[in-house]
Structure formats: C-alpha cells, structure tokens
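A.B. asks: For reference, the structure I am asking about is given below.
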Amino acid sequence: MSPRLLVLIPLAVGINLAMGQFASAISLPVYLDTVGTILVAALTGLVPALITGLLSQVVTTVVSGNSIWIAFLPVQLYVAAFAAVAARAGAFRGIWRTVGTGLLLGATAALLSWPIAYLAFGGVTATGVTAVTTVLTAIGFPLRWAVLAASASTDLLDKTATVLLVRGLLVALPRRTAARFPLAERALGRA
Amino acid sequence: MVGYVATEGPLHRAHPLTVLTFGATIAILAFVLRGPWGPVAVFAVALGAAFTERVPGVLKPAAVLALPFWIFLLVIHGLLRSDVATAVTLGARISAILVGFLVVLSAVPPSRLVEALVAKRVPFSAAFLLAATLQAVPRLRERAAAVLEAQRCRGLALRGSVIHRVRAIVPLTVPLVLGALGEVDERALALEARGAGAGRRTPLDPPRDGTMDHLVRWCCAALIVVAIVVRVA
C-alpha cells in the first residue's frame with residue numbers, strides 16, 4: 001500500500017468519527033459517519049474505501065466502547081462498495097444525479113441494516129432510530145416493519161445529505177490536491 | 001472508563017491475541033447459547049472478568065451504554081408484546097458483549113496489540129493503519145471542535161429552521177476535510193523517508209506468547225464449536 005493511502009485512510013476514519021460532533025451540534029437526525037468512506041471511494045477507489053469502512057466501524061466500536069456497532073460493519077462495507085462504483089460511473093456529476101445516488105444508497109443501506117437490527121437486537125439499536133421504532137410499534141405496526149420504516153427514514157436522509165456533502169467537497173478541492181486524485185475528476189464527470 | 005487500565009489480572013498478563021479471543025468468545029456465546037439463561041450466564045462470566053481484572057470501573061460506562069437498550073427492550077418486547085423472556089435474552093446478550101468488550105479494552109494497550117500483530121507477521125501496513133487511525137481520531141475530533149468554535153465566533157448560527165441547520169454543515173465540514181487532505185502529501189513524504197513499505201519490520205519488545213496462551217485460545221475455540229453443535233443438534 002502506498003504511503004499516501006497509509007496517511008489518507010486514517011484521516012478519513014478520523015473524519016467519519018469527527019462528523020458526529022457536527023451532526024449533534026446542528027441537532028439533525030443524521031449521522032454523517034460515512035463522509036470519509038465515500039470521500040475515499042471517490043478519490044481513490046474500491047479497496048481503500050473498503051479498508052476505510054472496516055477501520056471506521058472497528059475504531060468507532062473501540063472508541064465508544066459500544067460493541068453493538070461492529071454488527072453493522074456490513075453496512076459500512078456496502079456503502080464503501082456502492083460509493084466506489086457510483087463514483088466510477090460519474091454519480092457526482094450534477095446535483096440531481098447526486099441526490100438520486102444518495103436516495104438509492106439510503107434505501108439499499110436501510111435494507112441491509114434492517115435485518116441486523118431486527119434479528120440480532122430485536123429492533124433496539126441507537127436511541128433515535130429506536131424511538132421511531134417504539135412509536136410505530138405502539139400504534140400497531142408489526143415490529144419487523146416498524147424497524148424497517150425507522151431504518152429507512154433515517155438512512156434516506158443521512159445518506160442523501162452525506163453524498164451531497166461529499167460532492168461539495170469534491171467541487172471545493174484545490175486544483176493541486178485534485179490533481180493527485182484523478183478519480184475525483186471522473187466522479188464529477190470531468191474526465 | 002473506556003480504554004486501557006494499568007492493573008493486575010490474568011487477562012492483563014496474557015498475550016493480546018488471547019485477550020481478543022476471550023472477547024470474541026463472550027460475544028459469540030452470547031449469541032449462540034439459548035435465552036434467557038445462556039446469555040445471562042455469559043453476562044455473569046463477563047462481570048466476573050471485570051472483577052478478576054480489577055477493573056470494576058468499566059461497569060459504569062457499560063451501564064450507561066446498556067441502559068437505553070434495556071429501557072427500549074422492556075418497552076417494545078415486555079410492555080407492548082408481553083414477551084419479557086425475549087427482552088431479558090436480548091438485554092443480557094447486549095450487556096454481556098458490552099462488559100466483555102470493555103474488559104478487553106481495559107486489558108490491551110493499542111501499542112502492545114500492534115507489537116503483537118507485527119510479531120505474528122501481520123503486514124506492517126495493516127498494523128500501521130490500526131495504530132495511525134487510533135492516533136488520528138482524537139486529533140480530528142479536536143480539530144472538529146476548533147472549527148465549530150471558530151465558525152460560531154464568526155457568527156455561524158447552528159439553530160433555527162431545518163434548512164438553516166443543513167446549510168451550516170458545509171462551512172463546518174469543508175475546513176475540516178480540506179485541512180486533513182492538505183496534510184496528506186507532507187505526512188506521506190515523512191512515511192516514505194522512514195522506510196514505510198520497505199519490507200518486514202522487527203518488533204522491539206513483542207509480547208510473550210506462552211503455552212498457557214495457546215491452551216486458552218484452543219479452549220475458547222473448542223467451547224464455541226461445542227456451543228454451536230449443541231445449539232444446532
């Protein structure tokens with residue numbers, strides 16, 4: 001692995017974890033914990049993105065002490081793979097194309113996190129999502145559909161916001177930095 | 001208390017990979033054994049480990065992390081679905097994993113784990129990535145806090161309508177991320193100058209991996225296999 005990737009990946013994981021501070025500061029129901037992973041996917045491709053996703057989930061688990069997070073590792077890996085493929089196809093070319101990418105990523109990520117949350121933890125995971133699940137269950141939704149609806153509502157919003165944010169970052173990249181990551185130009189449809 | 005605690009105990013003296021195997025065994029058995037008594041027994045073992053390792057302090061963060069789970073489990077499964085056994089099974093499972101994991105964290109300093117991995121011929125890049133990430137996270141968090149304060153001083157409002165708050169994400173994120181990307185080249189050069197990727201490296205003080213460590217790891221593996229066989233049969 002090149003020294004540049006050895007430096008970039010830890011920084012991207014740090015960004016994933018630091019974004020949580022911004023998410024809580026603006027009090028919105030988003031996590032933004034995949035910004036670094038999607039950024040690495042757009043800058044350097046599939047394998048570094050997968051490593052970033054893997055390390056993010058492991059380090060989130062270690063730093064928070066909440067071992068439940070490691071169960072959601074497949075979701076991080078899926079986000080990394082999806083973002084790498086989408087970036088290669090020029091998914092960040094325009095605003096609406098990026099929104100569509102975010103919605104598709106959110107919907108499919110929710111389908112992946114739903115069985116993990118439902119089968120392994122009985123629908124009880126993070127407080128915000130579980131509050132929605134509890135309300136839906138209380139008004140008569142079967143638990144499995146309540147968990148799916150709660151996962152989908154947060155994932156659609158979170159992943160769309162995250163993908164839009166990464167597009168903004170790619171556009172704002174200084175030319176000198178962008179020149180070192182040719183895949184970024186391709187993700188924006190410029191190459 | 002999340003992280004390494006310098007104290008005395010069997011796990012503190014063990015090889016880091018033995019401690020990780022212990023944590024993995026707790027997590028797997030909590031899922032494999034039938035509820036509610038299986039996960040409750042695993043939870044009791046994890047609690048016992050916290051005391052034999054002399055790290056009862058880990059029980060406080062474990063309780064803080066587990067409490068919301070217990071509340072939601074008792075509401076959703078106990079109250080709304082009249083299934084207290086499922087609530088206890090899931091609660092004990094989550095609590096066992098949390099306590100077991102915090103005990104593992106308290107027993108293994110990250111630098112020791114990296115030494116152990118290098119000694120076991122794990123590629124330098126993998127060991128470096130783990131160590132560098134654990135160092136980068138607090139640095140990026142500090143920088144995020146500084147960006148947040150700086151933008152607030154410049155009058156960035158973080159309250160108000162949803163659109164207003166969504167817009168506030170951009171001036172927070174751009175300086176953090178572009179600042180991080182700006183230091184990639186400089187750090188990559190420093191790594192290159194220090195021979196990163198130049199081949200196998202020698203650990204200075206690798207942890208001792210004795211017969212007892214091997215025995216414990218094999219016993220853990222056997223326990224997992226037996227539990228899975230009993231569950232499937």
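In the structure tokens, the first chain shown is A, the next is B, and so on; residue numbers restart at 1 for each chain, and ligands run from 1 in the order shown.
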With a distance cut-off of 10 Å and only C-alpha atoms, select the neighbouring residues of B:Leu65, excluding the residue or stretch itself and same-chain residues fewer than 3 positions from it, and output the selection as a ChimeraX atom specification.

C.D. replies: /A:64-68 /B:59-62,68-70,94-95,98-99

A.B. asks: Using all heavy atoms, can you export the residues from the last selection as a short mmCIF file (atom, residue, chain, number, x, y, z; two decimals), in the first residue's frame?

C.D. replies:
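As a result, result_21.cif now contains:
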data_model
loop_
_atom_site.label_atom_id
_atom_site.label_comp_id
_atom_site.auth_asym_id
_atom_site.auth_seq_id
_atom_site.Cartn_x
_atom_site.Cartn_y
_atom_site.Cartn_z
N SER A 64 -15.97 4.20 21.26
CA SER A 64 -17.21 4.41 22.02
C SER A 64 -17.38 3.36 23.11
O SER A 64 -18.13 3.57 24.06
CB SER A 64 -18.42 4.36 21.08
OG SER A 64 -18.58 3.04 20.59
N GLY A 65 -16.71 2.22 22.95
CA GLY A 65 -16.89 1.13 23.90
C GLY A 65 -18.19 0.37 23.66
O GLY A 65 -18.53 -0.56 24.37
N ASN A 66 -18.95 0.80 22.61
CA ASN A 66 -20.24 0.18 22.32
C ASN A 66 -20.07 -0.89 21.24
O ASN A 66 -20.05 -0.58 20.04
CB ASN A 66 -21.23 1.26 21.88
CG ASN A 66 -22.64 0.73 21.81
OD1 ASN A 66 -22.85 -0.48 21.83
ND2 ASN A 66 -23.60 1.62 21.73
N SER A 67 -19.92 -2.12 21.68
CA SER A 67 -19.59 -3.20 20.75
C SER A 67 -20.71 -3.54 19.78
O SER A 67 -20.51 -4.29 18.84
CB SER A 67 -19.19 -4.45 21.53
OG SER A 67 -20.06 -4.62 22.62
N ILE A 68 -21.89 -2.97 19.99
CA ILE A 68 -23.02 -3.23 19.09
C ILE A 68 -22.70 -2.72 17.68
O ILE A 68 -23.15 -3.28 16.69
CB ILE A 68 -24.29 -2.51 19.62
CG1 ILE A 68 -24.58 -2.91 21.07
CG2 ILE A 68 -25.50 -2.76 18.74
CD1 ILE A 68 -24.64 -4.38 21.32
N LEU B 59 -17.74 -1.02 34.56
CA LEU B 59 -19.18 -1.31 34.68
C LEU B 59 -20.02 -0.04 34.56
O LEU B 59 -21.18 -0.10 34.15
CB LEU B 59 -19.47 -2.01 36.02
CG LEU B 59 -18.76 -3.37 36.18
CD1 LEU B 59 -19.11 -3.98 37.52
CD2 LEU B 59 -19.14 -4.31 35.05
N LYS B 60 -19.43 1.11 34.91
CA LYS B 60 -20.19 2.36 34.82
C LYS B 60 -20.49 2.72 33.35
O LYS B 60 -21.66 2.89 32.99
CB LYS B 60 -19.43 3.49 35.52
CG LYS B 60 -20.26 4.73 35.73
CD LYS B 60 -19.49 5.78 36.48
CE LYS B 60 -20.26 7.09 36.50
NZ LYS B 60 -19.46 8.17 37.07
N PRO B 61 -19.45 2.81 32.46
CA PRO B 61 -19.79 3.08 31.05
C PRO B 61 -20.65 1.98 30.44
O PRO B 61 -21.50 2.25 29.59
CB PRO B 61 -18.43 3.17 30.35
CG PRO B 61 -17.43 2.63 31.29
CD PRO B 61 -17.99 2.80 32.66
N ALA B 62 -20.42 0.73 30.89
CA ALA B 62 -21.24 -0.38 30.37
C ALA B 62 -22.70 -0.15 30.73
O ALA B 62 -23.60 -0.35 29.90
CB ALA B 62 -20.75 -1.72 30.93
N PRO B 68 -30.13 2.42 27.88
CA PRO B 68 -31.15 2.71 26.86
C PRO B 68 -31.66 1.45 26.17
O PRO B 68 -32.85 1.34 25.87
CB PRO B 68 -30.41 3.60 25.85
CG PRO B 68 -29.19 4.08 26.53
CD PRO B 68 -28.86 3.10 27.59
N PHE B 69 -30.75 0.48 25.95
CA PHE B 69 -31.18 -0.79 25.32
C PHE B 69 -32.22 -1.49 26.20
O PHE B 69 -33.25 -1.94 25.72
CB PHE B 69 -29.98 -1.71 25.11
CG PHE B 69 -29.11 -1.33 23.96
CD1 PHE B 69 -27.96 -0.60 24.15
CD2 PHE B 69 -29.46 -1.67 22.66
CE1 PHE B 69 -27.15 -0.24 23.10
CE2 PHE B 69 -28.65 -1.31 21.59
CZ PHE B 69 -27.50 -0.59 21.81
N TRP B 70 -31.91 -1.59 27.51
CA TRP B 70 -32.82 -2.27 28.43
C TRP B 70 -34.19 -1.56 28.44
O TRP B 70 -35.22 -2.23 28.43
CB TRP B 70 -32.22 -2.30 29.84
CG TRP B 70 -31.30 -3.46 30.05
CD1 TRP B 70 -29.94 -3.43 30.02
CD2 TRP B 70 -31.64 -4.84 30.28
NE1 TRP B 70 -29.42 -4.68 30.23
CE2 TRP B 70 -30.44 -5.57 30.40
CE3 TRP B 70 -32.86 -5.51 30.39
CZ2 TRP B 70 -30.43 -6.94 30.63
CZ3 TRP B 70 -32.84 -6.89 30.63
CH2 TRP B 70 -31.64 -7.59 30.75
N ILE B 94 -26.70 -8.20 24.98
CA ILE B 94 -26.05 -6.90 24.72
C ILE B 94 -25.15 -6.52 25.90
O ILE B 94 -24.00 -6.09 25.70
CB ILE B 94 -27.13 -5.81 24.45
CG1 ILE B 94 -27.77 -6.06 23.09
CG2 ILE B 94 -26.52 -4.41 24.50
CD1 ILE B 94 -29.04 -5.30 22.85
N SER B 95 -25.63 -6.74 27.13
CA SER B 95 -24.84 -6.37 28.31
C SER B 95 -23.56 -7.21 28.39
O SER B 95 -22.49 -6.69 28.73
CB SER B 95 -25.66 -6.58 29.59
OG SER B 95 -26.86 -5.86 29.50
N LEU B 98 -21.11 -5.91 25.83
CA LEU B 98 -20.57 -4.61 26.23
C LEU B 98 -19.52 -4.76 27.33
O LEU B 98 -18.42 -4.22 27.23
CB LEU B 98 -21.70 -3.70 26.73
CG LEU B 98 -22.60 -3.06 25.67
CD1 LEU B 98 -23.77 -2.34 26.32
CD2 LEU B 98 -21.81 -2.08 24.82
N VAL B 99 -19.86 -5.52 28.39
CA VAL B 99 -18.93 -5.66 29.51
C VAL B 99 -17.68 -6.42 29.05
O VAL B 99 -16.54 -6.01 29.34
CB VAL B 99 -19.60 -6.38 30.70
CG1 VAL B 99 -18.58 -6.65 31.80
CG2 VAL B 99 -20.74 -5.54 31.26
#

A.B. asks: Tell me which protein, DNA and RNA residues are within 9 Å of A:Thr160, counting only C-alpha atoms, leaving out same-chain ones fewer than 4 positions away, and put them as a PyMOL selection string.

C.D. replies: chain A and resi 98-106+155-156+164-165

A.B. asks: Set the distance at 8 Å and use only C-alpha atoms: which residues neighbour stretch 107-120 of chain B once local chain neighbours fewer than 2 positions away are removed? I'd like the list as a list in words.

C.D. replies: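 Final neighbour list, sorted by chain and number: Gly3, Tyr4, Val5, Ala6, Leu11, His12, His15, Pro16, Leu17, Val19, Glu53, Val103, Val104, Leu105, Val122, Pro123, Phe124, Ala127, Phe128, Leu130, Ala131, Arg201, Thr202, Pro203, Leu204, Asp205, Pro206 and Pro207 of chain B.
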
A.B. asks: Create the file for the chosen residues now, containing N, CA and C atoms and written as a short mmCIF file (atom, residue, chain, number, x, y, z; two decimals), in the first residue's frame.

C.D. replies:
data_model
loop_
_atom_site.label_atom_id
_atom_site.label_comp_id
_atom_site.auth_asym_id
_atom_site.auth_seq_id
_atom_site.Cartn_x
_atom_site.Cartn_y
_atom_site.Cartn_z
N GLY B 3 -11.01 2.20 27.66
CA GLY B 3 -9.62 2.17 27.25
C GLY B 3 -8.78 1.40 28.25
N TYR B 4 -7.45 1.41 27.99
CA TYR B 4 -6.54 0.59 28.80
C TYR B 4 -6.45 1.11 30.24
N VAL B 5 -6.44 0.15 31.18
CA VAL B 5 -6.26 0.48 32.59
C VAL B 5 -5.09 -0.35 33.10
N ALA B 6 -4.07 0.33 33.62
CA ALA B 6 -2.88 -0.39 34.12
C ALA B 6 -3.21 -1.02 35.47
N LEU B 11 -5.96 -11.55 32.42
CA LEU B 11 -6.04 -11.04 31.04
C LEU B 11 -4.99 -9.96 30.78
N HIS B 12 -4.68 -9.17 31.81
CA HIS B 12 -3.64 -8.14 31.66
C HIS B 12 -2.27 -8.78 31.40
N HIS B 15 -1.27 -12.73 26.45
CA HIS B 15 -0.93 -12.20 25.13
C HIS B 15 -2.17 -11.47 24.56
N PRO B 16 -1.96 -10.32 23.87
CA PRO B 16 -3.12 -9.57 23.35
C PRO B 16 -4.09 -10.43 22.53
N LEU B 17 -3.56 -11.36 21.73
CA LEU B 17 -4.46 -12.19 20.91
C LEU B 17 -5.32 -13.11 21.78
N VAL B 19 -6.45 -12.25 24.75
CA VAL B 19 -7.49 -11.38 25.28
C VAL B 19 -8.57 -11.14 24.22
N GLU B 53 -10.12 -8.89 36.84
CA GLU B 53 -9.12 -8.00 36.23
C GLU B 53 -8.95 -6.71 37.02
N VAL B 103 -13.86 -4.92 29.09
CA VAL B 103 -12.79 -5.60 29.83
C VAL B 103 -11.59 -5.84 28.90
N VAL B 104 -11.89 -6.27 27.67
CA VAL B 104 -10.82 -6.48 26.68
C VAL B 104 -10.07 -5.17 26.44
N LEU B 105 -10.82 -4.07 26.25
CA LEU B 105 -10.18 -2.77 26.02
C LEU B 105 -9.30 -2.36 27.20
N VAL B 122 1.88 -10.02 10.72
CA VAL B 122 0.84 -9.24 10.04
C VAL B 122 1.57 -8.13 9.29
N PRO B 123 1.20 -7.84 8.00
CA PRO B 123 1.92 -6.82 7.24
C PRO B 123 1.99 -5.49 7.99
N PHE B 124 3.13 -4.80 7.81
CA PHE B 124 3.35 -3.52 8.51
C PHE B 124 2.22 -2.54 8.21
N ALA B 127 -0.80 -3.14 10.46
CA ALA B 127 -0.54 -2.75 11.85
C ALA B 127 -0.44 -1.22 11.96
N PHE B 128 0.22 -0.60 10.95
CA PHE B 128 0.36 0.86 10.97
C PHE B 128 -1.00 1.54 10.86
N LEU B 130 -3.91 0.54 11.79
CA LEU B 130 -4.65 0.46 13.06
C LEU B 130 -4.10 1.48 14.06
N ALA B 131 -2.78 1.53 14.20
CA ALA B 131 -2.17 2.45 15.17
C ALA B 131 -2.39 3.91 14.76
N ARG B 201 9.26 -5.68 9.26
CA ARG B 201 9.85 -4.91 10.36
C ARG B 201 9.98 -5.80 11.59
N THR B 202 10.89 -5.43 12.47
CA THR B 202 11.11 -6.24 13.67
C THR B 202 10.54 -5.52 14.89
N PRO B 203 9.64 -6.17 15.62
CA PRO B 203 9.12 -5.51 16.83
C PRO B 203 10.20 -5.42 17.90
N LEU B 204 10.24 -4.30 18.61
CA LEU B 204 11.28 -4.10 19.62
C LEU B 204 11.07 -4.99 20.84
N ASP B 205 9.80 -5.03 21.30
CA ASP B 205 9.52 -5.77 22.54
C ASP B 205 8.21 -6.54 22.38
N PRO B 206 8.24 -7.65 21.61
CA PRO B 206 6.98 -8.36 21.35
C PRO B 206 6.45 -9.04 22.62
N PRO B 207 5.10 -9.07 22.81
CA PRO B 207 4.56 -9.74 23.99
C PRO B 207 4.84 -11.23 23.93
#

A.B. asks: Pick out the chain B residues within 6 Å of chain A. Count only C-alpha atoms. Give them as an MDAnalysis selection string.

C.D. replies: chainID B and resid 98 133 136:137 140:141 158 165 184 188

A.B. asks: Write the residues you've just listed into a file as a compact mmCIF listing (two decimals), in the first residue's frame, and include C-alpha atoms for each of them.

C.D. replies:
# COMPACT_ATOMS: atom_id res chain seq x y z
CA LEU B 98 -20.57 -4.61 26.23
CA THR B 133 -6.12 5.54 12.98
CA ALA B 136 -5.81 10.30 14.12
CA VAL B 137 -9.27 10.06 15.68
CA LEU B 140 -9.53 15.09 14.10
CA ARG B 141 -12.07 15.38 16.90
CA LEU B 158 -26.43 26.38 14.45
CA ARG B 165 -29.08 24.00 10.04
CA VAL B 184 -1.63 14.04 3.18
CA ALA B 188 3.25 10.59 3.08

A.B. asks: Contacts of stretch 112-117 of chain A at 8 Å or less, counting only C-alpha atoms, minus same-chain residues fewer than 6 places along, as an mmCIF file with N, CA, C and O atoms, in the first residue's frame?

C.D. replies:
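As written to disk, result22.cif reads:
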data_model
loop_
_atom_site.group_PDB
_atom_site.id
_atom_site.type_symbol
_atom_site.label_atom_id
_atom_site.label_comp_id
_atom_site.auth_asym_id
_atom_site.auth_seq_id
_atom_site.Cartn_x
_atom_site.Cartn_y
_atom_site.Cartn_z
ATOM 1 N N ALA A 71 -21.561 -4.945 14.669
ATOM 2 C CA ALA A 71 -22.536 -5.764 13.938
ATOM 3 C C ALA A 71 -22.966 -5.084 12.638
ATOM 4 O O ALA A 71 -23.428 -5.742 11.709
ATOM 5 N N PHE A 72 -22.812 -3.752 12.579
ATOM 6 C CA PHE A 72 -23.240 -3.020 11.392
ATOM 7 C C PHE A 72 -22.094 -2.811 10.394
ATOM 8 O O PHE A 72 -22.213 -1.997 9.486
ATOM 9 N N PRO A 74 -21.189 -4.731 7.907
ATOM 10 C CA PRO A 74 -21.586 -4.940 6.506
ATOM 11 C C PRO A 74 -22.174 -3.679 5.868
ATOM 12 O O PRO A 74 -22.005 -3.465 4.660
ATOM 13 N N VAL A 75 -22.835 -2.840 6.652
ATOM 14 C CA VAL A 75 -23.433 -1.622 6.088
ATOM 15 C C VAL A 75 -22.326 -0.659 5.635
ATOM 16 O O VAL A 75 -22.391 -0.113 4.525
ATOM 17 N N GLY A 123 -34.666 -5.119 17.185
ATOM 18 C CA GLY A 123 -35.110 -3.790 16.754
ATOM 19 C C GLY A 123 -34.586 -2.665 17.619
ATOM 20 O O GLY A 123 -34.901 -1.498 17.380
ATOM 21 N N VAL A 124 -33.792 -2.986 18.657
ATOM 22 C CA VAL A 124 -33.289 -1.946 19.558
ATOM 23 C C VAL A 124 -31.808 -1.700 19.272
ATOM 24 O O VAL A 124 -30.976 -2.568 19.502
ATOM 25 N N THR A 125 -31.508 -0.512 18.732
ATOM 26 C CA THR A 125 -30.105 -0.190 18.423
ATOM 27 C C THR A 125 -29.742 1.186 18.991
ATOM 28 O O THR A 125 -29.567 1.338 20.178
ATOM 29 N N VAL A 147 -39.253 -1.549 12.371
ATOM 30 C CA VAL A 147 -37.786 -1.421 12.320
ATOM 31 C C VAL A 147 -37.350 -0.975 10.923
ATOM 32 O O VAL A 147 -36.505 -0.092 10.764
ATOM 33 N N LEU A 148 -37.971 -1.563 9.886
ATOM 34 C CA LEU A 148 -37.624 -1.194 8.509
ATOM 35 C C LEU A 148 -37.948 0.277 8.245
ATOM 36 O O LEU A 148 -37.120 1.015 7.681
ATOM 37 N N SER A 151 -35.431 2.506 10.059
ATOM 38 C CA SER A 151 -34.116 2.472 9.397
ATOM 39 C C SER A 151 -34.159 3.277 8.101
ATOM 40 O O SER A 151 -33.246 4.068 7.820
#

A.B. asks: Write out as a ChimeraX atom specification the residues lying within 9 Å of B:Val88, counting only C-alpha atoms and excluding same-chain residues fewer than 3 positions away.

C.D. replies: /B:35-37,39-40,70,73-74,78,84-85,91-93

A.B. asks: Write to file, as a PDB file, in the first residue's frame, the residues of the selection just made, with N, CA, C and O atoms.

C.D. replies:
ATOM      1  N   GLY B  35     -31.569 -18.448  25.068  1.00  0.00           N
ATOM      2  CA  GLY B  35     -32.008 -17.497  26.092  1.00  0.00           C
ATOM      3  C   GLY B  35     -33.140 -18.045  26.923  1.00  0.00           C
ATOM      4  O   GLY B  35     -33.757 -19.028  26.554  1.00  0.00           O
ATOM      5  N   PRO B  36     -33.436 -17.406  28.047  1.00  0.00           N
ATOM      6  CA  PRO B  36     -32.688 -16.269  28.589  1.00  0.00           C
ATOM      7  C   PRO B  36     -31.460 -16.670  29.408  1.00  0.00           C
ATOM      8  O   PRO B  36     -30.587 -15.844  29.649  1.00  0.00           O
ATOM      9  N   TRP B  37     -31.362 -17.991  29.823  1.00  0.00           N
ATOM     10  CA  TRP B  37     -30.305 -18.310  30.785  1.00  0.00           C
ATOM     11  C   TRP B  37     -28.909 -18.342  30.188  1.00  0.00           C
ATOM     12  O   TRP B  37     -27.927 -18.009  30.861  1.00  0.00           O
ATOM     13  N   PRO B  39     -27.474 -16.375  27.651  1.00  0.00           N
ATOM     14  CA  PRO B  39     -26.881 -15.025  27.675  1.00  0.00           C
ATOM     15  C   PRO B  39     -26.689 -14.481  29.093  1.00  0.00           C
ATOM     16  O   PRO B  39     -25.706 -13.776  29.356  1.00  0.00           O
ATOM     17  N   VAL B  40     -27.600 -14.840  30.024  1.00  0.00           N
ATOM     18  CA  VAL B  40     -27.447 -14.364  31.413  1.00  0.00           C
ATOM     19  C   VAL B  40     -26.160 -14.954  32.014  1.00  0.00           C
ATOM     20  O   VAL B  40     -25.393 -14.252  32.694  1.00  0.00           O
ATOM     21  N   TRP B  70     -31.906  -1.589  27.510  1.00  0.00           N
ATOM     22  CA  TRP B  70     -32.824  -2.268  28.428  1.00  0.00           C
ATOM     23  C   TRP B  70     -34.186  -1.565  28.444  1.00  0.00           C
ATOM     24  O   TRP B  70     -35.225  -2.228  28.429  1.00  0.00           O
ATOM     25  N   LEU B  73     -35.949  -2.290  25.173  1.00  0.00           N
ATOM     26  CA  LEU B  73     -36.296  -3.712  25.089  1.00  0.00           C
ATOM     27  C   LEU B  73     -37.491  -4.019  25.974  1.00  0.00           C
ATOM     28  O   LEU B  73     -38.417  -4.746  25.573  1.00  0.00           O
ATOM     29  N   LEU B  74     -37.482  -3.475  27.198  1.00  0.00           N
ATOM     30  CA  LEU B  74     -38.596  -3.747  28.114  1.00  0.00           C
ATOM     31  C   LEU B  74     -39.891  -3.095  27.619  1.00  0.00           C
ATOM     32  O   LEU B  74     -40.972  -3.668  27.779  1.00  0.00           O
ATOM     33  N   GLY B  78     -41.312  -6.289  26.347  1.00  0.00           N
ATOM     34  CA  GLY B  78     -42.005  -6.605  27.597  1.00  0.00           C
ATOM     35  C   GLY B  78     -43.387  -6.009  27.667  1.00  0.00           C
ATOM     36  O   GLY B  78     -44.381  -6.713  27.892  1.00  0.00           O
ATOM     37  N   VAL B  84     -41.407 -10.867  28.051  1.00  0.00           N
ATOM     38  CA  VAL B  84     -40.301 -10.437  28.917  1.00  0.00           C
ATOM     39  C   VAL B  84     -39.063 -11.311  28.677  1.00  0.00           C
ATOM     40  O   VAL B  84     -37.926 -10.825  28.741  1.00  0.00           O
ATOM     41  N   ALA B  85     -39.278 -12.616  28.378  1.00  0.00           N
ATOM     42  CA  ALA B  85     -38.133 -13.531  28.178  1.00  0.00           C
ATOM     43  C   ALA B  85     -37.243 -13.036  27.035  1.00  0.00           C
ATOM     44  O   ALA B  85     -36.008 -13.056  27.145  1.00  0.00           O
ATOM     45  N   GLY B  91     -31.349  -8.274  26.238  1.00  0.00           N
ATOM     46  CA  GLY B  91     -30.666  -7.359  27.164  1.00  0.00           C
ATOM     47  C   GLY B  91     -29.408  -7.980  27.738  1.00  0.00           C
ATOM     48  O   GLY B  91     -28.349  -7.336  27.800  1.00  0.00           O
ATOM     49  N   ALA B  92     -29.510  -9.252  28.158  1.00  0.00           N
ATOM     50  CA  ALA B  92     -28.343  -9.935  28.725  1.00  0.00           C
ATOM     51  C   ALA B  92     -27.265 -10.121  27.656  1.00  0.00           C
ATOM     52  O   ALA B  92     -26.068  -9.989  27.925  1.00  0.00           O
ATOM     53  N   ARG B  93     -27.712 -10.418  26.428  1.00  0.00           N
ATOM     54  CA  ARG B  93     -26.764 -10.601  25.320  1.00  0.00           C
ATOM     55  C   ARG B  93     -25.976  -9.309  25.080  1.00  0.00           C
ATOM     56  O   ARG B  93     -24.732  -9.318  25.037  1.00  0.00           O
TER      57      ARG B  93
END

A.B. asks: Calculated over only C-alpha atoms, which of the candidates B:Leu148, B:Glu183, B:Ile76, B:Arg167 has the smallest distance to A:Ser24?

C.D. replies: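 Comparing B:Leu148, B:Glu183, B:Ile76, B:Arg167 against A:Ser24, the winner is B:Leu148.
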
A.B. asks: Quick one: everything within 7 Å of stretch 209-221 of chain B, counting only C-alpha atoms, minus sequence neighbours fewer than 3 positions away in the same chain. Send it as a list in words.

C.D. replies: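 Surrounding residues, per the criterion: Ala14, His15, Thr18, Thr21, Phe22, Thr25, Ile224 and Val225 of chain B.
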
A.B. asks: Would you put the residues from that selection into a file with N, CA, C and O atoms, as a PDB file, in the first residue's frame?

C.D. replies:
ATOM      1  N   ALA B  14      -1.925 -11.750  29.920  1.00  0.00           N
ATOM      2  CA  ALA B  14      -1.997 -12.633  28.751  1.00  0.00           C
ATOM      3  C   ALA B  14      -1.537 -11.919  27.477  1.00  0.00           C
ATOM      4  O   ALA B  14      -1.441 -10.690  27.433  1.00  0.00           O
ATOM      5  N   HIS B  15      -1.270 -12.731  26.450  1.00  0.00           N
ATOM      6  CA  HIS B  15      -0.927 -12.199  25.132  1.00  0.00           C
ATOM      7  C   HIS B  15      -2.169 -11.473  24.563  1.00  0.00           C
ATOM      8  O   HIS B  15      -3.292 -11.943  24.762  1.00  0.00           O
ATOM      9  N   THR B  18      -4.794 -13.518  22.937  1.00  0.00           N
ATOM     10  CA  THR B  18      -5.586 -14.343  23.868  1.00  0.00           C
ATOM     11  C   THR B  18      -6.740 -13.511  24.427  1.00  0.00           C
ATOM     12  O   THR B  18      -7.871 -14.002  24.545  1.00  0.00           O
ATOM     13  N   THR B  21      -9.332 -13.144  21.813  1.00  0.00           N
ATOM     14  CA  THR B  21     -10.067 -14.406  21.680  1.00  0.00           C
ATOM     15  C   THR B  21     -11.105 -14.538  22.793  1.00  0.00           C
ATOM     16  O   THR B  21     -12.233 -14.980  22.546  1.00  0.00           O
ATOM     17  N   PHE B  22     -10.721 -14.126  24.010  1.00  0.00           N
ATOM     18  CA  PHE B  22     -11.663 -14.158  25.133  1.00  0.00           C
ATOM     19  C   PHE B  22     -12.893 -13.277  24.812  1.00  0.00           C
ATOM     20  O   PHE B  22     -14.039 -13.695  24.980  1.00  0.00           O
ATOM     21  N   THR B  25     -15.056 -14.836  22.183  1.00  0.00           N
ATOM     22  CA  THR B  25     -15.800 -15.985  22.723  1.00  0.00           C
ATOM     23  C   THR B  25     -17.038 -15.515  23.485  1.00  0.00           C
ATOM     24  O   THR B  25     -18.129 -16.080  23.325  1.00  0.00           O
ATOM     25  N   ILE B 224     -16.608 -22.705  21.672  1.00  0.00           N
ATOM     26  CA  ILE B 224     -17.501 -22.141  20.652  1.00  0.00           C
ATOM     27  C   ILE B 224     -18.070 -23.265  19.773  1.00  0.00           C
ATOM     28  O   ILE B 224     -19.268 -23.314  19.516  1.00  0.00           O
ATOM     29  N   VAL B 225     -17.197 -24.195  19.369  1.00  0.00           N
ATOM     30  CA  VAL B 225     -17.647 -25.299  18.497  1.00  0.00           C
ATOM     31  C   VAL B 225     -18.698 -26.128  19.226  1.00  0.00           C
ATOM     32  O   VAL B 225     -19.763 -26.451  18.670  1.00  0.00           O
TER      33      VAL B 225
END

A.B. asks: Which residue, B:Arg139, B:Thr173, B:Glu149, B:Gly182, has the smallest gap to A:Arg175 when you use only C-alpha atoms?

C.D. replies: B:Gly182

A.B. asks: Running DSSP on the backbone, which parts of stretch 34-167 of chain A land in alpha helix (DSSP H), as a ChimeraX atom specification?

C.D. replies: /A:35-44,46-64,73-88,95-115,121,127-138,143-167

A.B. asks: One number please: atom CA of A:Phe141 to atom CA of B:Arg81, in Å, one decimal.

C.D. replies: 11.5 Å

A.B. asks: Enter the distance from atom CA of A:Trp69 to atom CA of A:Gln57, in Å, rounded to one decimal.

C.D. replies: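 According to the coordinates, atom CA of A:Trp69 and atom CA of A:Gln57 are separated by 6.7 Å.
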